[in-house]
Each structure stands twice: as C-alpha cells, then as structure tokens.
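Asker: The following file, run.cif, comprises mmCIF, C-alpha atoms:
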data_protein
#
loop_
_atom_site.label_atom_id
_atom_site.label_comp_id
_atom_site.auth_asym_id
_atom_site.auth_seq_id
_atom_site.Cartn_x
_atom_site.Cartn_y
_atom_site.Cartn_z
CA ALA W 20 11.44 -14.87 -14.34
CA ASP W 21 14.57 -16.48 -12.94
CA VAL W 22 15.97 -16.03 -9.43
CA SER W 23 19.35 -17.63 -10.23
CA ASN W 24 21.03 -14.21 -10.15
CA ALA W 25 19.66 -13.42 -6.68
CA ARG W 26 22.15 -13.22 -3.78
CA TYR W 27 20.47 -14.25 -0.54
CA ILE W 28 22.75 -12.45 1.89
CA LYS W 29 20.21 -10.56 4.03
CA ASP W 30 17.46 -11.65 6.38
CA LEU W 31 14.71 -9.97 8.43
CA VAL W 32 15.13 -10.78 12.12
CA GLU W 33 12.64 -9.85 14.86
CA THR W 34 14.20 -7.71 17.59
CA HIS W 35 11.40 -6.27 19.73
CA LYS W 36 7.72 -5.38 19.86
CA LEU W 37 5.91 -2.06 19.71
CA THR W 38 2.62 -1.86 21.64
CA LEU W 39 0.19 1.03 21.21
CA PRO W 40 -2.97 1.57 23.30
CA VAL W 41 -6.45 1.23 21.83
CA ASP W 42 -9.61 2.53 23.50
CA GLU W 43 -13.19 1.33 23.05
CA ASN W 44 -13.72 3.74 20.13
CA THR W 45 -10.72 2.58 18.11
CA TYR W 46 -10.76 -0.37 15.75
CA TYR W 47 -7.57 -2.43 15.77
CA MET W 48 -7.31 -2.43 11.95
CA SER W 49 -6.66 0.57 9.72
CA LYS W 50 -6.38 0.64 5.94
CA SER W 51 -4.58 3.96 6.08
CA MET W 52 -1.48 4.01 8.29
CA PHE W 53 1.84 5.83 7.71
CA GLN W 54 4.97 6.67 9.69
CA PHE W 55 6.38 10.21 9.63
CA GLU W 56 8.85 12.38 11.53
CA GLU W 57 8.56 15.83 13.06
CA ASN W 58 11.21 17.70 15.08
CA SER W 59 13.37 14.57 15.20
CA LYS W 60 10.52 12.53 16.72
CA GLU W 61 8.84 9.54 15.14
CA TYR W 62 5.06 9.25 14.81
CA LEU W 63 2.48 6.93 13.31
CA TYR W 64 -0.59 8.29 11.55
CA PHE W 65 -3.55 5.88 12.00
CA GLY W 66 -6.84 6.39 10.17
CA ASN W 67 -9.66 5.37 12.51
CA PHE W 68 -12.62 5.13 10.14
CA GLN W 69 -14.21 1.94 11.46
CA LYS W 70 -16.74 1.37 14.27
CA ARG W 71 -18.61 4.50 13.21
CA GLN W 72 -15.56 6.53 14.11
CA TYR W 73 -14.30 9.29 11.85
CA GLU W 74 -10.96 10.53 13.07
CA ILE W 75 -7.19 10.47 12.67
CA LEU W 76 -5.01 9.20 15.50
CA ILE W 77 -1.36 10.20 15.86
CA TYR W 78 0.81 7.89 17.98
CA ASP W 79 4.18 8.79 19.50
CA LEU W 80 6.30 5.73 18.68
CA GLU W 81 9.01 6.40 21.25
CA ALA W 82 6.58 6.94 24.15
CA GLN W 83 4.21 4.30 22.71
CA ASN W 84 1.12 6.38 23.48
CA LEU W 85 -1.58 8.39 21.75
CA TYR W 86 -0.17 11.83 21.00
CA LYS W 87 -3.05 13.52 19.19
CA ARG W 88 -6.62 12.86 18.08
CA ILE W 89 -7.95 14.74 15.03
CA PRO W 90 -11.76 14.60 14.72
CA LEU W 91 -13.23 14.77 11.22
CA LEU W 92 -16.65 15.98 10.13
CA LYS W 93 -18.86 14.65 7.34
CA GLU W 94 -21.03 17.78 6.98
CA GLY W 95 -20.70 21.55 7.25
CA PRO W 96 -17.95 23.91 6.06
CA ASN W 97 -15.27 21.49 7.30
CA GLY W 98 -17.08 18.40 6.09
CA VAL W 99 -14.97 15.73 4.37
CA PRO W 100 -17.31 12.77 3.72
CA SER W 101 -16.52 9.56 1.87
CA ILE W 102 -12.86 9.22 2.81
CA SER W 103 -11.17 6.25 1.15
CA GLY W 104 -7.68 7.01 2.41
CA CYS W 105 -5.48 9.64 4.00
CA LYS W 106 -1.79 10.47 4.12
CA PRO W 107 0.36 13.03 5.97
CA PHE W 108 1.43 15.89 3.71
CA GLU W 109 4.98 17.24 3.38
CA ASP W 110 4.76 18.47 6.96
CA SER W 111 2.79 16.65 9.63
CA ASN W 112 0.41 19.53 10.29
CA THR W 113 -1.56 18.93 7.10
CA TYR W 114 -3.08 15.80 5.58
CA PHE W 115 -4.29 14.63 2.18
CA LEU W 116 -7.78 13.10 2.24
CA PHE W 117 -8.84 11.01 -0.76
CA GLN W 118 -12.60 11.08 -1.18
CA HIS W 119 -13.30 8.25 -3.59
CA HIS W 120 -17.02 8.68 -4.24
CA LEU W 121 -16.77 12.46 -4.47
CA ARG W 122 -13.75 12.25 -6.82
CA ARG W 123 -12.08 14.86 -4.65
CA LEU W 124 -8.78 15.41 -2.90
CA SER W 125 -8.96 17.56 0.23
CA ILE W 126 -6.33 19.04 2.53
CA ILE W 127 -6.99 19.53 6.24
CA ASN W 128 -4.91 20.85 9.14
CA ASP W 129 -4.17 19.10 12.42
CA GLN W 130 -7.42 20.44 13.88
CA GLY W 131 -9.52 18.73 11.22
CA GLU W 132 -10.31 22.04 9.48
CA LEU W 133 -10.72 21.93 5.71
CA LEU W 134 -8.08 24.15 4.10
CA ARG W 135 -8.93 23.51 0.44
CA TYR W 136 -10.06 20.80 -1.91
CA TYR W 137 -9.54 19.86 -5.55
CA PRO W 138 -12.03 18.09 -7.84
CA VAL W 139 -10.23 15.25 -9.59
CA LYS W 140 -11.74 15.70 -13.02
CA LEU W 141 -9.94 14.80 -16.24
CA PRO W 142 -9.84 17.27 -19.19
CA GLU W 143 -12.53 15.40 -21.15
CA GLY W 144 -14.91 15.97 -18.25
CA GLN W 145 -14.62 12.47 -16.82
CA PHE W 146 -14.03 12.11 -13.10
CA THR W 147 -11.30 9.63 -12.28
CA HIS W 148 -11.21 7.24 -9.35
CA CYS W 149 -9.44 8.71 -6.35
CA ASP W 150 -8.57 5.61 -4.32
CA ASP W 151 -5.13 6.40 -2.96
CA GLY W 152 -3.85 7.02 0.53
CA TRP W 153 -3.99 3.36 1.50
CA SER W 154 -1.37 1.34 3.34
CA TYR W 155 -3.51 -1.83 3.52
CA PHE W 156 -2.72 -2.23 -0.17
CA PHE W 157 0.26 0.09 -0.29
CA ASN W 158 -0.36 2.94 -2.74
CA PRO W 159 0.64 6.23 -1.16
CA SER W 160 0.31 9.39 -3.22
CA PHE W 161 3.54 11.28 -3.76
CA CYS W 162 4.17 14.97 -4.32
CA VAL W 163 6.94 16.50 -6.45
CA ASP W 164 7.16 20.29 -6.99
CA SER W 165 3.55 20.88 -5.82
CA VAL W 166 2.21 18.19 -8.16
CA VAL W 167 0.45 15.24 -6.51
CA TYR W 168 0.47 11.86 -8.24
CA PHE W 169 -1.88 9.05 -7.33
CA ARG W 170 -3.05 5.75 -8.72
CA HIS W 171 -6.49 5.53 -10.22
CA GLY W 172 -8.68 2.59 -11.10
CA LEU W 173 -9.94 1.61 -14.52
CA ASN W 174 -12.64 3.94 -15.79
CA LYS W 175 -14.38 1.32 -17.89
CA ALA W 176 -15.75 -2.14 -17.21
CA GLN W 177 -14.59 -3.80 -20.43
CA MET W 178 -11.06 -3.78 -21.78
CA LYS W 179 -9.92 -4.78 -25.28
CA THR W 180 -6.41 -6.01 -26.01
CA HIS W 181 -5.37 -2.88 -27.89
CA GLU W 182 -6.72 -0.52 -25.21
CA TRP W 183 -4.41 -1.40 -22.33
CA LYS W 184 -1.44 0.48 -23.80
CA ASP W 185 -3.48 3.71 -23.78
CA VAL W 186 -4.71 3.49 -20.19
CA SER W 187 -2.77 5.67 -17.77
CA MET W 188 -1.80 4.17 -14.41
CA PHE W 189 -1.70 7.50 -12.55
CA THR W 190 -3.44 10.85 -12.39
CA TYR W 191 -1.59 14.05 -11.58
CA LEU W 192 -2.96 17.11 -9.79
CA ASN W 193 -1.12 20.44 -9.94
CA MET W 194 -1.96 22.16 -6.67
CA LYS W 195 -0.84 25.56 -7.99
CA ASN W 196 -3.39 25.82 -10.80
CA GLY W 197 -5.73 22.87 -10.15
CA GLU W 198 -4.84 21.17 -13.44
CA VAL W 199 -5.66 17.46 -13.53
CA GLY W 200 -4.60 14.97 -16.16
CA PRO W 201 -3.42 11.44 -16.88
CA LEU W 202 0.27 10.69 -16.45
CA PRO W 203 1.89 9.34 -19.67
CA LEU W 204 2.74 6.11 -17.90
CA HIS W 205 0.52 3.36 -19.26
CA TYR W 206 -0.30 -0.23 -18.43
CA PRO W 207 2.45 -2.49 -19.80
CA SER W 208 2.13 -5.16 -22.47
CA ILE W 209 1.75 -7.90 -19.84
CA PHE W 210 -1.98 -7.10 -20.13
CA ASP W 211 -2.61 -8.56 -23.54
CA HIS W 212 -6.15 -9.87 -23.81
CA ASP W 213 -9.80 -8.85 -23.88
CA VAL W 214 -11.62 -8.99 -20.58
CA GLU W 215 -15.08 -8.08 -19.32
CA ASN W 216 -15.64 -6.78 -15.80
CA PRO W 217 -11.98 -7.07 -14.78
CA ALA W 218 -11.03 -7.10 -11.12
CA GLY W 219 -7.91 -7.79 -9.15
CA GLY W 220 -5.26 -8.73 -11.66
CA PHE W 221 -4.45 -5.25 -12.96
CA LYS W 222 -3.79 -3.83 -9.49
CA PHE W 223 -0.37 -2.69 -8.44
CA SER W 224 1.33 -1.44 -5.30
CA TYR W 225 3.95 1.26 -5.53
CA ASP W 226 6.26 3.55 -3.61
CA TYR W 227 8.30 6.62 -4.53
CA ASN W 228 11.97 7.08 -3.67
CA TYR W 229 12.40 10.84 -3.24
CA GLU W 230 16.17 10.64 -2.87
CA GLN W 231 16.64 9.03 -6.30
CA ASN W 232 13.38 10.21 -7.94
CA LYS W 233 12.35 6.64 -8.67
CA LEU W 234 8.80 5.30 -8.95
CA VAL W 235 8.68 1.55 -8.32
CA CYS W 236 5.56 -0.49 -9.15
CA SER W 237 4.73 -4.07 -8.20
CA PHE W 238 1.86 -5.77 -10.05
CA THR W 239 -0.04 -8.38 -8.07
CA GLY W 240 0.17 -10.93 -10.88
CA TYR W 241 3.65 -10.40 -12.34
CA ASP W 242 7.10 -11.38 -11.13
CA SER W 243 9.07 -8.34 -12.30
CA LEU W 244 9.22 -4.85 -10.82
CA MET W 245 8.56 -1.82 -13.04
CA VAL W 246 10.78 1.22 -12.38
CA SER W 247 10.62 4.74 -13.82
CA ASP W 248 13.02 7.66 -13.31
CA ASP W 249 10.98 10.22 -15.27
CA LEU W 250 7.35 9.07 -14.76
CA GLN W 251 7.17 8.13 -18.42
CA ASN W 252 9.81 5.58 -19.48
CA VAL W 253 10.20 2.27 -17.64
CA ARG W 254 12.59 -0.59 -17.17
CA TRP W 255 12.05 -3.98 -15.56
CA TYR W 256 13.87 -5.97 -12.89
CA ASN W 257 13.49 -9.54 -11.71
CA GLY W 258 11.37 -9.56 -8.55
CA LYS W 259 10.27 -13.19 -8.36
CA SER W 260 9.75 -14.96 -5.06
CA ARG W 261 11.72 -18.18 -4.70
CA TYR W 262 8.70 -19.70 -2.93
CA MET W 263 6.32 -19.39 -5.91
CA GLU W 264 6.11 -20.49 -9.50
CA SER W 265 6.47 -17.76 -12.10
CA ILE W 266 3.17 -15.93 -12.61
CA ARG W 267 1.51 -13.63 -15.13
CA PRO W 268 -1.65 -11.54 -14.70
CA ILE W 269 -4.96 -13.37 -14.52
CA LEU W 270 -7.88 -10.96 -14.53
CA TYR W 271 -10.81 -12.22 -12.52
CA GLU W 272 -14.00 -12.27 -14.56
CA ALA W 273 -16.85 -11.15 -12.31
CA SER W 274 -19.21 -13.33 -14.35
CA GLY W 275 -17.21 -16.45 -13.43
CA GLY W 276 -18.88 -16.83 -10.08
CA ILE W 277 -17.51 -18.13 -6.79
CA GLN W 278 -15.21 -20.75 -8.33
CA SER W 279 -13.44 -18.14 -10.40
CA LEU W 280 -13.04 -15.94 -7.32
CA ALA W 281 -11.65 -18.83 -5.24
CA LYS W 282 -9.15 -19.72 -7.95
CA LEU W 283 -7.94 -16.14 -8.12
CA LYS W 284 -7.51 -15.83 -4.35
CA GLU W 285 -5.78 -19.17 -3.89
CA ARG W 286 -2.99 -18.57 -6.39
CA GLY W 287 0.23 -16.97 -5.25
CA LYS W 288 0.54 -13.26 -5.91
CA TYR W 289 2.34 -10.15 -4.79
CA HIS W 290 1.06 -7.57 -2.34
CA ASN W 291 2.68 -4.45 -0.87
CA LEU W 292 5.88 -2.87 -2.08
CA MET W 293 7.60 -0.41 0.30
CA TYR W 294 10.79 1.63 0.16
CA ASP W 295 12.93 1.75 3.31
CA ARG W 296 14.59 5.18 3.23
CA TYR W 297 16.60 4.43 6.38
CA ARG W 298 18.41 1.43 4.89
CA ASP W 299 17.98 2.21 1.16
CA VAL W 300 16.30 -1.09 0.35
CA TYR W 301 12.90 -2.17 -0.98
CA TYR W 302 10.52 -4.77 0.47
CA ARG W 303 8.05 -6.75 -1.63
CA ILE W 304 5.47 -8.96 0.04
CA ALA W 305 4.51 -12.23 -1.67
CA GLU W 306 1.28 -13.98 -0.71
CA LEU W 307 2.10 -17.66 -1.06
CA PRO W 308 -0.32 -20.16 -2.64
CA TYR W 309 -3.23 -21.11 -0.40
CA GLU W 310 -6.09 -23.60 -0.37
CA PHE W 311 -9.43 -22.61 1.17
CA LYS W 312 -10.67 -24.85 3.95
CA GLN W 313 -14.22 -26.19 3.96
CA ASN W 314 -15.44 -23.63 6.47
CA GLU W 315 -13.86 -20.67 4.65
CA SER W 316 -15.45 -18.44 2.05
CA PRO W 317 -13.54 -17.00 -0.94
CA PHE W 318 -15.37 -13.74 -0.25
CA ASP W 319 -13.20 -13.37 2.87
CA ASP W 320 -9.45 -12.96 3.08
CA PRO W 321 -7.69 -16.28 3.75
CA ARG W 322 -6.70 -16.74 7.39
CA GLY W 323 -3.34 -18.26 8.17
CA ARG W 324 -1.88 -17.60 4.72
CA GLU W 325 1.91 -17.79 4.67
CA PHE W 326 3.82 -14.94 3.09
CA SER W 327 7.36 -13.89 2.36
CA ILE W 328 9.17 -10.57 2.06
CA ILE W 329 11.65 -10.15 -0.78
CA ILE W 330 14.46 -7.66 -0.10
CA PHE W 331 16.03 -5.58 -2.90
CA ASP W 332 19.07 -3.32 -2.75
CA LYS W 333 19.02 0.20 -4.21
CA ASP W 334 19.80 -1.21 -7.68
CA PHE W 335 16.92 -3.72 -7.47
CA ASN W 336 19.06 -6.79 -7.00
CA ILE W 337 17.41 -9.43 -4.81
CA ILE W 338 19.54 -9.71 -1.66
CA GLY W 339 17.22 -11.74 0.54
CA GLU W 340 13.81 -13.27 1.12
CA THR W 341 12.32 -14.09 4.51
CA LYS W 342 9.36 -16.45 4.92
CA PHE W 343 6.73 -15.87 7.61
CA PRO W 344 4.03 -18.07 9.17
CA GLY W 345 0.45 -17.19 8.38
CA ASN W 346 -0.95 -17.51 11.89
CA LYS W 347 0.91 -14.70 13.62
CA TYR W 348 1.50 -11.60 11.51
CA PHE W 349 -0.90 -9.31 9.63
CA TYR W 350 1.30 -8.09 6.78
CA LYS W 351 -1.33 -5.71 5.38
CA MET W 352 -0.62 -3.46 8.36
CA SER W 353 3.10 -2.81 8.01
CA PHE W 354 5.25 0.29 8.02
CA VAL W 355 8.91 1.27 7.82
CA GLY W 356 10.43 3.01 10.84
CA ARG W 357 13.81 4.10 12.11
CA ASP W 358 14.48 0.80 13.83
CA GLY W 359 13.27 -1.49 11.08
CA LEU W 360 10.22 -2.93 9.33
CA TYR W 361 7.18 -3.15 11.60
CA ILE W 362 4.59 -5.87 10.94
CA SER W 363 1.30 -6.07 12.86
CA GLU W 364 0.53 -9.07 15.05
CA ASN W 365 -3.20 -8.21 15.07
CA ASN W 366 -3.95 -11.33 13.06
CA LEU W 367 -7.23 -13.08 13.84
CA ALA W 368 -5.43 -16.41 13.46
CA ASN W 369 -2.84 -15.42 16.05
CA PRO W 370 -3.52 -17.22 19.39
CA GLU W 371 -2.26 -14.09 21.19
CA PHE W 372 -4.50 -11.71 19.22
CA ASP W 373 -5.86 -8.87 21.37
CA GLU W 374 -8.13 -6.27 19.76
CA ASP W 375 -7.57 -3.91 22.70
CA LYS W 376 -4.05 -2.99 21.62
CA LEU W 377 -1.97 -2.55 18.51
CA VAL W 378 1.04 -4.83 18.50
CA PHE W 379 3.84 -4.62 15.92
CA ALA W 380 6.92 -6.81 15.67
CA CYS W 381 10.02 -4.90 14.59
CA PHE W 382 12.30 -6.67 12.10
CA LYS W 383 15.85 -5.54 11.49
CA LEU W 384 17.81 -6.20 8.31
CA GLU W 385 20.77 -8.40 9.18
CA ASP W 386 23.35 -10.50 7.38
CA LEU W 387 21.99 -13.95 6.67
CA LYS W 388 23.34 -16.52 9.09
CA ASP W 389 23.80 -20.13 8.10
CA LYS W 390 20.81 -22.16 9.26
#
Represent the supplied structure as structure tokens.
Answerer:
Amino acid sequence: ADVSNARYIKDLVETHKLTLPVDENTYYMSKSMFQFEENSKEYLYFGNFQKRQYEILIYDLEAQNLYKRIPLLKEGPNGVPSISGCKPFEDSNTYFLFQHHLRRLSIINDQGELLRYYPVKLPEGQFTHCDDGWSYFFNPSFCVDSVVYFRHGLNKAQMKTHEWKDVSMFTYLNMKNGEVGPLPLHYPSIFDHDVENPAGGFKFSYDYNYEQNKLVCSFTGYDSLMVSDDLQNVRWYNGKSRYMESIRPILYEASGGIQSLAKLKERGKYHNLMYDRYRDVYYRIAELPYEFKQNESPFDDPRGREFSIIIFDKDFNIIGETKFPGNKYFYKMSFVGRDGLYISENNLANPEFDEDKLVFACFKLEDLKDK
C-alpha cells in the first residue's frame, strides 16, 4: 500500500476531559462500552462484568454522573449467563446480550428482564461463535430491517488455502422468524495459505454506516480497508499508516510457542475502526511496532505502546493521522460522541492513572496547523 495519495489536512486535538464516577463495585475497564442518545441527551452504556459484578451502567455524559444501574441475573427466568458482550438496541430501553458459550443472543429491557432470546445455530446444525458486542476490539452488531448481523469466529482449528474463500465473515439473525445463516461475505484472498490452530491474524474490526448503508472492515494485519454497500460485494481502499511498514496477515501458530507469540504481538498492526456519524469520518487505530522489555511477558498486552489514529473522509480518502504516546491513553476504551472522539486515560502506564474514576480525553477534528 502507498500513502502518497493521502492528504494530511486534519488533526485530532485534545480539548477537554470527561470524568465519570466509579464506586468500589465497578471496575475501571470495560470491554463493552457504547455511546447512544435518547430524548436529545447523550449517554454511555458501560458493561460492568468484572470484579464479580454482573450489571450494566448507564452514564449521563452531560451531567457526568451515573444515571442508571441495570442488574443482570445468571440464573432463573431472567437469567442471562455467559455474556461476552452487550450493545444498546435501536432504542435505549432494550439491549442485545451476546452469550458466547451458549451460542445465544438475548434481548433484555432496562430492568434487566429477559424479553426473548435466539439460539445462533446455522442451518447444518452447527452453532456459530457469538462474540460480538465488544468495543475493546470494536465489533458492534448492526441491525437492518429487523435482521441482526454480527461477526463470528472460525468454526474450525485448521484452515487450508482453498477454504478461506468459502468462510463467511458474518452471521445474520432474522428476528422476525428466527432464521440464522452465514452472510455471503467471505474472507478475502489476502488469506492464502494453510495454517493450523490460527489465532489473531484473521481478526477484523468493523463499523456500519447507517446513513450510507456501508459496512467497513479493518483487518488487523492488512493495510487496506474493505468496504461493502450490499453485504456481498466489496471494494478496497488504501488505509496504511504512515508510521508503519506495509503489512500482510501473519497467522499466529499456537504450536510456535512463546517466541511466535512475542513476534506476533511486537509487529505493527491495526486495531479498532469506528465511524463518526457526527462528522462523517472514519477513525482507524494503528498499534505501532513495539519491543517487549525484559520484565514483560508476551502473554500480557504491551504497556506504553505508541499508537496512531488514521482519519478518513466519507469517500475513504486519508485526510489525517495523529500519533499518540503510549504512556497516557488507553485506546481500547474509546467512543465517538457529539463533541468528538473520546479516548480513555485509564492506562496503567499513565502516571496519573486512578482506578477510582473513568477519565476520557475528548479530541476534536481540526484543520492541521503547521508544526
């Protein structure tokens, strides 16, 4: 990929901070966190599934306080165990719950009561992975005409070269009749080799632009963005970071041991992709190359890793890229709001880290100034 056609005319500039309270029963990190609006007010959904807690928190972003707490049950008629992720539904009074191990998608109301659930079982009788509803690695389900679409993992441990083109990237669930099936959108030809026990390299982040009916996918190990207008045909756009060498997918072989894992984690790669509906742009996070220190383990996430955010206009032209230090922000907890892009400062490498509150820096999109 070549970035020579990119026009770096925009920059992300910090304007203010958002601070939300955390009590002794709330963990400062959530893997499922989404902004939404209701009655012209702005809220943040925050899945609190750590520290033996099992609840949804709703924060009022203007008042910067806890607006609502939704307790969840694991047993009984309203039981929803094994939640892997959650996302507000079309209105904020109902929520999708993705139950990975149960292969089930459930819908609850704002009292935590189970309204209905759907087994996510493919026509051939095989249950598919149901691992959506995450913001930590951004892959929010999207719903069009009562049909829910969500990413699923690979259903087999070994992949042959010729099999990739037949593997669907998404599952659909028709909530009117319960029909479940694979979407005819398959893994692209960038995956072109045999691999045993694959992990990591085939993953992708995505977001859906409801205004333009566009699905945009960002593979962790590939420079270009994949875009579809009809959930079947695709086209590609340059999405390369100017701070990294060009990359192609490398699938981590689980049998390669700790050295193979370290090599995979140290190389530069792409992370979340998010659509900003307020400014009609897209953000793509790039994790810049990193070298583990002696006291660090490749089984943990690297601390202090620098990252950048690539900015695309509505036509997927690169219009900017902002680089961030690795010892302040926690980019895996980010969300788009009315005022800008919010990035968490709850980074363990941040000298000002405080687990007793949620702190987000708000970045506005501005014209690039000469530096």
Asker: Pick the closest to Pro268 (chain W) from W:Tyr350, W:Phe108, W:Phe326, W:Phe221: which is it, counting all atoms listed in the file?
Answerer: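 Using all atoms listed in the file, the shortest distance to Pro268 (chain W) belongs to W:Phe221.
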Asker: Looking at W:Val32, W:Met352, W:Leu202, W:Leu134, which one is nearest to Gly66 (chain W), with distances taken over all atoms listed in the file?
Answerer: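 Looking at the shortest contact to Gly66 (chain W), the residue is W:Met352.
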Asker: What does the distance from CA of Thr341 (chain W) to CA of Trp255 (chain W) come to in Å, to one decimal?
Answerer: 22.5 Å
Asker: Taking all atoms listed in the file into account, which of W:Arg324, W:Arg88, W:His119, W:Arg71 comes nearest Gly131 (chain W)?
Answerer: W:Arg88
Asker: Using all atoms listed in the file, determine which residues lie at most 6 Å from region 284-295 of chain W, disregarding the query and same-chain residues fewer than 2 positions distant; provide the list as a list of chain:residue names.
Answerer: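 Everything that qualifies: W:Phe156, W:Phe157, W:Ser224, W:Tyr225, W:Asp226, W:Thr239, W:Gly240, W:Ala281, W:Lys282, W:Tyr297, W:Arg298, W:Asp299, W:Val300, W:Tyr301, W:Tyr302, W:Arg303, W:Ile304, W:Ala305, W:Glu306, W:Leu307, W:Pro308, W:Tyr309, W:Glu310.
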Asker: Of the residues W:Tyr137, W:Phe349, W:Tyr86, W:Phe115, which is the one nearest to Ala380 (chain W), using all atoms listed in the file?
Answerer: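 Of all the options, W:Phe349 lies closest to Ala380 (chain W).
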Asker: Please report, as JSON, the centre and edge lengths in Å to one decimal of an axis-aligned box covering all listed atoms of region 314-325 of chain W with 3 Å per side.
Answerer:
{"center_x": -6.8, "center_y": -18.3, "center_z": 3.6, "size_x": 23.4, "size_y": 16.7, "size_z": 15.1}
Asker: Evaluate the PyMOL selection byres ((chain W and resi 367) around 10) and record the selected residues as a list in words, following the chain and residue labels used in the document.
Answerer: Arg322, Gly323, Asn346, Lys347, Tyr348, Phe349, Glu364, Asn365, Asn366, Ala368, Asn369, Pro370, Glu371, Phe372, Asp373 and Glu374 of chain W
Asker: Give me a file of those residues, with C-alpha atoms, as a tab-separated table (two decimals), keeping the file's coordinate frame.
Answerer:
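Result file part_4.tsv:
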chain	number	residue	atom	x	y	z
W	322	ARG	CA	-6.70	-16.74	7.39
W	323	GLY	CA	-3.34	-18.26	8.17
W	346	ASN	CA	-0.95	-17.51	11.89
W	347	LYS	CA	0.91	-14.70	13.62
W	348	TYR	CA	1.50	-11.60	11.51
W	349	PHE	CA	-0.90	-9.31	9.63
W	364	GLU	CA	0.53	-9.07	15.05
W	365	ASN	CA	-3.20	-8.21	15.07
W	366	ASN	CA	-3.95	-11.33	13.06
W	368	ALA	CA	-5.43	-16.41	13.46
W	369	ASN	CA	-2.84	-15.42	16.05
W	370	PRO	CA	-3.52	-17.22	19.39
W	371	GLU	CA	-2.26	-14.09	21.19
W	372	PHE	CA	-4.50	-11.71	19.22
W	373	ASP	CA	-5.86	-8.87	21.37
W	374	GLU	CA	-8.13	-6.27	19.76
Asker: Run through the PyMOL selection byres ((chain W and resi 107) around 9) on the given coordinates and return the selected residues as an NGL selection string.
Answerer: :W and (53-55 or 64 or 105-106 or 108-116)
Asker: Using C-alpha atoms, can you write the selected residues to a file as a JSON list (two decimals), in the frame of the given file?
Answerer:
[["chain", "number", "residue", "atom", "x", "y", "z"],
["W", 53, "PHE", "CA", 1.84, 5.83, 7.71],
["W", 54, "GLN", "CA", 4.97, 6.67, 9.69],
["W", 55, "PHE", "CA", 6.38, 10.21, 9.63],
["W", 64, "TYR", "CA", -0.59, 8.29, 11.55],
["W", 105, "CYS", "CA", -5.48, 9.64, 4.00],
["W", 106, "LYS", "CA", -1.79, 10.47, 4.12],
["W", 108, "PHE", "CA", 1.43, 15.89, 3.71],
["W", 109, "GLU", "CA", 4.98, 17.24, 3.38],
["W", 110, "ASP", "CA", 4.76, 18.47, 6.96],
["W", 111, "SER", "CA", 2.79, 16.65, 9.63],
["W", 112, "ASN", "CA", 0.41, 19.53, 10.29],
["W", 113, "THR", "CA", -1.56, 18.93, 7.10],
["W", 114, "TYR", "CA", -3.08, 15.80, 5.58],
["W", 115, "PHE", "CA", -4.29, 14.63, 2.18],
["W", 116, "LEU", "CA", -7.78, 13.10, 2.24]]
Asker: Exactly which residues make up the result of the PyMOL selection byres ((chain W and resi 33-40) around 10) on this file, given as an MDAnalysis selection string?
Answerer: chainID W and resid 30:32 41:42 45 47 78:85 358:364 375:384
Asker: Taking all atoms listed in the file into account, name the residue in W:Phe210, W:Tyr168, W:Tyr227, W:Trp183 that is nearest to Glu198 (chain W).
Answerer: W:Tyr168
Asker: Could you tell me how far CA of Phe65 (chain W) sits from CA of Pro90 (chain W), in Å to one decimal place?
Answerer: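 About the pair CA of Pro90 (chain W) and CA of Phe65 (chain W): they are 12.3 Å apart.
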Asker: Report, in Å to a single decimal, how far apart CA of Ile266 (chain W) and CA of Ile338 (chain W) are.
Answerer: 20.7 Å
Asker: For Glu230 (chain W), which residue among W:Arg267, W:Gly197, W:Leu280, W:Lys333 is the nearest when counting all atoms listed in the file?
Answerer: W:Lys333
Asker: Which residues are close to Lys70 (chain W), i.e. within 10 Å by only C-alpha atoms, leaving aside same-chain residues fewer than 4 positions away? Reply as a ChimeraX atom specification.
Answerer: /W:43-46
